[in-house]
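The structure appears right after this line, and notes come after that.
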Amino acid sequence: MWGITVDTVGSQTVPPGYEVYPPRVGHPSGFYFDVGKGRVLESYQLLYITAGRGIFYGRSREGTEIGAGDMILLRPGQWHSYMPDRETGWHEYWIGFRGPNIDTRFRNDFVDENLEIVRIGVREEVTALYNRAMEVAENERPSYQQYLAGIANLLLGMIMYYHANRQFVSMDAVGRIDRARRIMREEFLSEISPEEVARRVNMSYSWFRKMFRDYTGISPAQYMQKLRLQEACRLLSGTSLSIKEIAFRLNCGDTSYFSNLFRRHLRMPPNEYRRRFGIGGTPPKSTTPQGEEE
């Protein structure tokens, strides 16, 4: 008996200039709420922001700015509210869970009772767990709740580890890393190098690379590669450009190199991605698994 049941897991992108939050489509109906009134949950939730910024209102009812790399720990029975900034929107992941195992941990001070926001940075290993949880919940194979319980356990352990061992990076360094990410997002289609980005934010490359990895969990080169792959997905699903044209646009070398890179990271070739998702893309994933407590 695991003593944990995962009752919701999903992700969604809220675009800049959005009309309403939460969106009517893509947000689980059982967890919909009025931002102005806030809500109180019956279970725990880990809300992870990986892009954009916004504001969170906790028990104090005072607003706290949140953004990419912030994890919000929501407890049952406690009022809260949050929303993305209309200028930036955001991308969010969530997983909700309940059960006697978790209740016991929180009663025994597993987590500081005043801890609501954990600033862990944008970490690929964390987003990978959310994505895996969504796949498991969607397939609902035998013992999937045990699998989800394990992922919830691991996420809790990871955020406590990162919180306890957080890097005390100066706000000046954080500001420079944020500027660097903005430069990379705006110019990743060019041939700009991580070394050039470091120069433009007035940091030596060795120090920039260390600070960037400490803050985001990945290297500057990996971050730029991630941006190119995200754009590749957008072009494959939303345009009729050929694979060769997409590879050229992304400065990814020849078609063979681009296809191998895409297959290695997305676990399918570009043509298969286009066939499955088609022009226009797909709606945000949101899965609310059902099942009795394990």
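Residue names in the structure tokens use chain letters A, B, ... in the order shown, residue numbers from 1 in each chain, and ligand numbers from 1 in the order shown.
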
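Contact shell of A:His265 at 12 Å (only C-alpha atoms; same-chain neighbours under 5 positions omitted): A:Ala128, A:Gln222, A:Gln225, A:Lys226, A:Arg228, A:Leu229, A:Gln230, A:Ala232, A:Cys233, A:Phe258, A:Ser259, A:Asn260, A:Pro270, A:Tyr273.
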
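Of the listed residues (A:Arg98, A:Lys244, A:Arg276, A:Arg119), A:Arg98 comes nearest to A:Ala149; the distances count only C-alpha atoms.
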
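Ranking A:Asp7, A:Glu245, A:Glu272, A:Glu191 by their shortest atom-to-atom distance to A:Met134, with only C-alpha atoms included, puts A:Asp7 first.
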
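Residues in contact range of A:Ala180, defined as at most 10 Å between only C-alpha atoms, with sequence neighbours fewer than 2 positions away removed, read A:Val174, A:Gly175, A:Arg176, A:Ile177, A:Asp178, A:Arg182, A:Ile183, A:Met184, A:Arg185, A:Glu186, A:Pro194, A:Glu196, A:Val197, A:Ala198, A:Arg199, A:Arg200, A:Val201, A:Phe208, A:Phe212, A:Pro220.
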
Gap from atom CA of A:Glu195 to atom CA of A:Gly67 - Å, one decimal: 25.6 Å

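Proximity of A:Ile4, A:Ile159, A:Val25, A:Val20 to A:Arg123, computed with only C-alpha atoms, is greatest for A:Ile159.
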
Distance criterion (only C-alpha atoms): nearest to A:Asn114 out of A:Gly238, A:Gly58, A:Gly3, A:Gly96: A:Gly58

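The two atoms in question, atom CA of A:Ile55 and atom CA of A:Tyr82, are spaced 5.6 Å apart.
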
DSSP strand (DSSP E or B) residues within stretch 53-260 of chain A, listed as a PyMOL selection string: chain A and resi 53-57+63-67+70-74+79-84+90-98+117-119

Generate the output file for the selected residues, C-alpha atoms, as a short mmCIF file (atom, residue, chain, number, x, y, z; two decimals), in the first residue's frame.
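Result file result.cif:
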data_model
loop_
_atom_site.label_atom_id
_atom_site.label_comp_id
_atom_site.auth_asym_id
_atom_site.auth_seq_id
_atom_site.Cartn_x
_atom_site.Cartn_y
_atom_site.Cartn_z
CA ARG A 53 5.92 35.02 -15.09
CA GLY A 54 2.92 35.81 -12.90
CA ILE A 55 1.75 36.31 -9.36
CA PHE A 56 0.84 33.99 -6.49
CA TYR A 57 -1.38 34.76 -3.51
CA GLY A 63 0.93 38.84 -3.94
CA THR A 64 4.35 37.32 -4.66
CA GLU A 65 5.94 37.42 -8.10
CA ILE A 66 6.68 34.00 -9.56
CA GLY A 67 8.27 32.93 -12.81
CA ASP A 70 9.39 28.36 -9.47
CA MET A 71 7.50 25.45 -7.87
CA ILE A 72 4.34 26.27 -5.92
CA LEU A 73 3.47 23.84 -3.12
CA LEU A 74 -0.28 23.87 -2.52
CA TRP A 79 -6.66 29.29 0.43
CA HIS A 80 -4.59 30.42 -2.56
CA SER A 81 -4.83 31.99 -5.99
CA TYR A 82 -2.46 32.67 -8.88
CA MET A 83 -2.38 33.89 -12.45
CA PRO A 84 0.13 34.54 -15.24
CA TRP A 90 3.39 31.21 -18.91
CA HIS A 91 3.80 27.46 -19.23
CA GLU A 92 2.70 25.43 -16.24
CA TYR A 93 2.84 21.81 -15.12
CA TRP A 94 0.83 20.40 -12.25
CA ILE A 95 0.39 17.18 -10.34
CA GLY A 96 -2.10 16.65 -7.51
CA PHE A 97 -2.08 13.87 -4.93
CA ARG A 98 -3.57 12.84 -1.59
CA ILE A 117 7.27 28.82 -3.22
CA VAL A 118 10.36 26.76 -3.97
CA ARG A 119 12.70 28.42 -6.46
#

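Here atom CA of A:Met268 stands at a distance of 21.1 Å from atom CA of A:Ser11.
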
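Closest to A:Tyr130 among A:Ser204, A:Ser256, A:Ser242, A:Thr50 is A:Thr50, based on only C-alpha atoms.
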
In stretch 38-283 of chain A, DSSP alpha helix (DSSP H) residues written as a VMD selection string: chain A and resid 100 to 107 124 to 139 144 to 164 171 to 187 194 to 200 205 to 216 220 to 238 243 to 249 255 to 266 270 to 277

Produce a file of the selected residues containing C-alpha atoms, as a compact mmCIF listing (two decimals), in the first residue's frame.
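Saved the output as out.txt:
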# COMPACT_ATOMS: atom_id res chain seq x y z
CA PRO A 100 -2.38 9.05 4.47
CA ASN A 101 1.28 8.64 3.52
CA ILE A 102 1.55 12.29 2.46
CA ASP A 103 -0.58 13.52 5.36
CA THR A 104 1.79 11.85 7.83
CA ARG A 105 4.86 13.42 6.25
CA PHE A 106 3.46 16.92 6.39
CA ARG A 107 2.25 16.46 9.97
CA GLU A 124 14.92 19.20 -17.40
CA GLU A 125 14.85 16.28 -14.98
CA VAL A 126 11.79 17.80 -13.27
CA THR A 127 9.87 18.50 -16.50
CA ALA A 128 10.73 14.98 -17.68
CA LEU A 129 8.98 13.56 -14.61
CA TYR A 130 5.86 15.61 -15.26
CA ASN A 131 5.82 14.51 -18.91
CA ARG A 132 6.25 10.88 -17.91
CA ALA A 133 3.44 11.18 -15.36
CA MET A 134 1.13 12.53 -18.08
CA GLU A 135 1.97 9.59 -20.35
CA VAL A 136 1.36 7.06 -17.58
CA ALA A 137 -1.94 8.67 -16.55
CA GLU A 138 -3.15 8.85 -20.13
CA ASN A 139 -2.44 5.17 -20.83
CA TYR A 144 -0.41 2.98 -13.15
CA GLN A 145 -1.40 4.56 -9.83
CA GLN A 146 1.63 2.97 -8.15
CA TYR A 147 3.81 4.41 -10.92
CA LEU A 148 2.26 7.86 -10.46
CA ALA A 149 2.69 7.60 -6.69
CA GLY A 150 6.39 6.95 -7.25
CA ILE A 151 6.70 10.01 -9.50
CA ALA A 152 4.92 12.20 -6.92
CA ASN A 153 7.27 10.90 -4.23
CA LEU A 154 10.31 11.60 -6.39
CA LEU A 155 9.17 15.12 -7.24
CA LEU A 156 8.70 15.92 -3.56
CA GLY A 157 12.12 14.56 -2.73
CA MET A 158 13.77 16.47 -5.57
CA ILE A 159 12.30 19.85 -4.66
CA MET A 160 13.29 19.37 -1.02
CA TYR A 161 16.82 18.51 -2.17
CA TYR A 162 17.06 21.54 -4.43
CA HIS A 163 15.59 23.78 -1.73
CA ALA A 164 18.05 22.53 0.90
CA MET A 171 20.53 38.82 -7.87
CA ASP A 172 22.95 40.46 -10.29
CA ALA A 173 23.94 37.05 -11.67
CA VAL A 174 20.28 35.99 -11.86
CA GLY A 175 19.50 39.17 -13.80
CA ARG A 176 22.30 38.44 -16.25
CA ILE A 177 21.15 34.85 -16.75
CA ASP A 178 17.62 36.09 -17.39
CA ARG A 179 18.96 38.57 -19.97
CA ALA A 180 20.99 35.79 -21.55
CA ARG A 181 17.92 33.59 -21.88
CA ARG A 182 16.04 36.48 -23.45
CA ILE A 183 18.85 36.98 -25.98
CA MET A 184 18.85 33.27 -26.81
CA ARG A 185 15.06 33.18 -27.20
CA GLU A 186 15.17 36.17 -29.55
CA GLU A 187 18.19 35.09 -31.60
CA PRO A 194 26.85 30.65 -26.08
CA GLU A 195 30.22 32.40 -25.88
CA GLU A 196 28.78 35.45 -27.66
CA VAL A 197 25.80 35.47 -25.30
CA ALA A 198 28.17 35.42 -22.31
CA ARG A 199 30.09 38.36 -23.77
CA ARG A 200 26.89 40.36 -24.25
CA TYR A 205 32.11 32.05 -20.55
CA SER A 206 33.28 29.61 -17.85
CA TRP A 207 31.48 31.57 -15.12
CA PHE A 208 28.43 32.13 -17.32
CA ARG A 209 28.18 28.42 -18.11
CA LYS A 210 28.42 27.46 -14.42
CA MET A 211 25.86 30.03 -13.29
CA PHE A 212 23.52 29.16 -16.16
CA ARG A 213 23.62 25.45 -15.29
CA ASP A 214 23.16 26.15 -11.57
CA TYR A 215 20.12 28.32 -12.30
CA THR A 216 18.43 26.30 -15.08
CA PRO A 220 23.63 27.27 -22.43
CA ALA A 221 24.24 25.06 -25.48
CA GLN A 222 21.54 22.61 -24.36
CA TYR A 223 19.13 25.50 -23.76
CA MET A 224 19.65 26.79 -27.31
CA GLN A 225 19.22 23.30 -28.70
CA LYS A 226 15.97 22.99 -26.77
CA LEU A 227 14.72 26.26 -28.29
CA ARG A 228 15.53 25.00 -31.79
CA LEU A 229 13.73 21.71 -31.18
CA GLN A 230 10.67 23.54 -29.87
CA GLU A 231 10.66 25.67 -33.01
CA ALA A 232 11.10 22.53 -35.12
CA CYS A 233 7.98 21.05 -33.50
CA ARG A 234 6.06 24.25 -34.20
CA LEU A 235 7.13 24.33 -37.84
CA LEU A 236 6.41 20.63 -38.36
CA SER A 237 2.94 20.82 -36.83
CA GLY A 238 1.93 24.25 -38.08
CA ILE A 243 12.23 18.92 -43.57
CA LYS A 244 15.13 20.37 -45.55
CA GLU A 245 13.72 23.90 -45.27
CA ILE A 246 13.16 23.52 -41.52
CA ALA A 247 16.70 22.23 -40.99
CA PHE A 248 18.06 25.20 -42.94
CA ARG A 249 15.91 27.71 -41.04
CA THR A 255 18.63 17.11 -43.27
CA SER A 256 20.26 13.94 -41.98
CA TYR A 257 21.81 15.66 -38.97
CA PHE A 258 18.55 17.47 -38.16
CA SER A 259 16.50 14.25 -38.44
CA ASN A 260 18.90 12.33 -36.18
CA LEU A 261 18.89 15.16 -33.62
CA PHE A 262 15.09 15.34 -33.66
CA ARG A 263 14.72 11.57 -33.34
CA ARG A 264 17.17 11.42 -30.43
CA HIS A 265 15.27 14.02 -28.40
CA LEU A 266 11.66 13.49 -29.49
CA PRO A 270 10.31 14.55 -38.05
CA ASN A 271 7.99 13.00 -40.66
CA GLU A 272 6.32 10.88 -37.98
CA TYR A 273 5.85 13.92 -35.74
CA ARG A 274 4.18 15.78 -38.62
CA ARG A 275 1.98 12.81 -39.46
CA ARG A 276 0.81 12.41 -35.88
CA PHE A 277 0.20 16.03 -34.99

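Near A:Thr88, within 9 Å and counting only C-alpha atoms, sit A:Val14, A:Pro15, A:Pro16, A:Gly17, A:Ala51, A:Gly52, A:Arg53, A:Gly54, A:Pro84, A:Asp85, not including residues fewer than 3 positions from it in the same chain.
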
For N, CA and C atoms, I'd like the residues from the last selection saved as a PDB file, in the first residue's frame.
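Below you can see part-v8.pdb, which holds the result:
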ATOM      1  N   VAL A  14      -0.220  29.083 -21.461  1.00  0.00           N
ATOM      2  CA  VAL A  14      -1.130  30.233 -21.474  1.00  0.00           C
ATOM      3  C   VAL A  14      -0.409  31.334 -22.247  1.00  0.00           C
ATOM      4  N   PRO A  15      -0.897  31.700 -23.435  1.00  0.00           N
ATOM      5  CA  PRO A  15      -0.160  32.643 -24.291  1.00  0.00           C
ATOM      6  C   PRO A  15      -0.235  34.074 -23.782  1.00  0.00           C
ATOM      7  N   PRO A  16       0.707  34.923 -24.195  1.00  0.00           N
ATOM      8  CA  PRO A  16       0.615  36.346 -23.859  1.00  0.00           C
ATOM      9  C   PRO A  16      -0.706  36.911 -24.378  1.00  0.00           C
ATOM     10  N   GLY A  17      -1.269  37.872 -23.640  1.00  0.00           N
ATOM     11  CA  GLY A  17      -2.508  38.497 -24.068  1.00  0.00           C
ATOM     12  C   GLY A  17      -3.731  37.612 -23.941  1.00  0.00           C
ATOM     13  N   ALA A  51       8.063  28.723 -17.945  1.00  0.00           N
ATOM     14  CA  ALA A  51       8.253  29.860 -18.850  1.00  0.00           C
ATOM     15  C   ALA A  51       7.277  30.954 -18.441  1.00  0.00           C
ATOM     16  N   GLY A  52       7.663  32.213 -18.684  1.00  0.00           N
ATOM     17  CA  GLY A  52       6.792  33.331 -18.347  1.00  0.00           C
ATOM     18  C   GLY A  52       6.883  33.729 -16.886  1.00  0.00           C
ATOM     19  N   ARG A  53       5.947  34.562 -16.477  1.00  0.00           N
ATOM     20  CA  ARG A  53       5.920  35.016 -15.087  1.00  0.00           C
ATOM     21  C   ARG A  53       4.470  35.308 -14.685  1.00  0.00           C
ATOM     22  N   GLY A  54       4.267  35.531 -13.387  1.00  0.00           N
ATOM     23  CA  GLY A  54       2.920  35.807 -12.904  1.00  0.00           C
ATOM     24  C   GLY A  54       2.957  36.182 -11.439  1.00  0.00           C
ATOM     25  N   PRO A  84      -1.019  34.055 -14.475  1.00  0.00           N
ATOM     26  CA  PRO A  84       0.131  34.539 -15.242  1.00  0.00           C
ATOM     27  C   PRO A  84      -0.018  36.006 -15.615  1.00  0.00           C
ATOM     28  N   ASP A  85       1.101  36.646 -15.844  1.00  0.00           N
ATOM     29  CA  ASP A  85       1.119  38.023 -16.330  1.00  0.00           C
ATOM     30  C   ASP A  85       0.582  38.030 -17.764  1.00  0.00           C
TER      31      ASP A  85
END
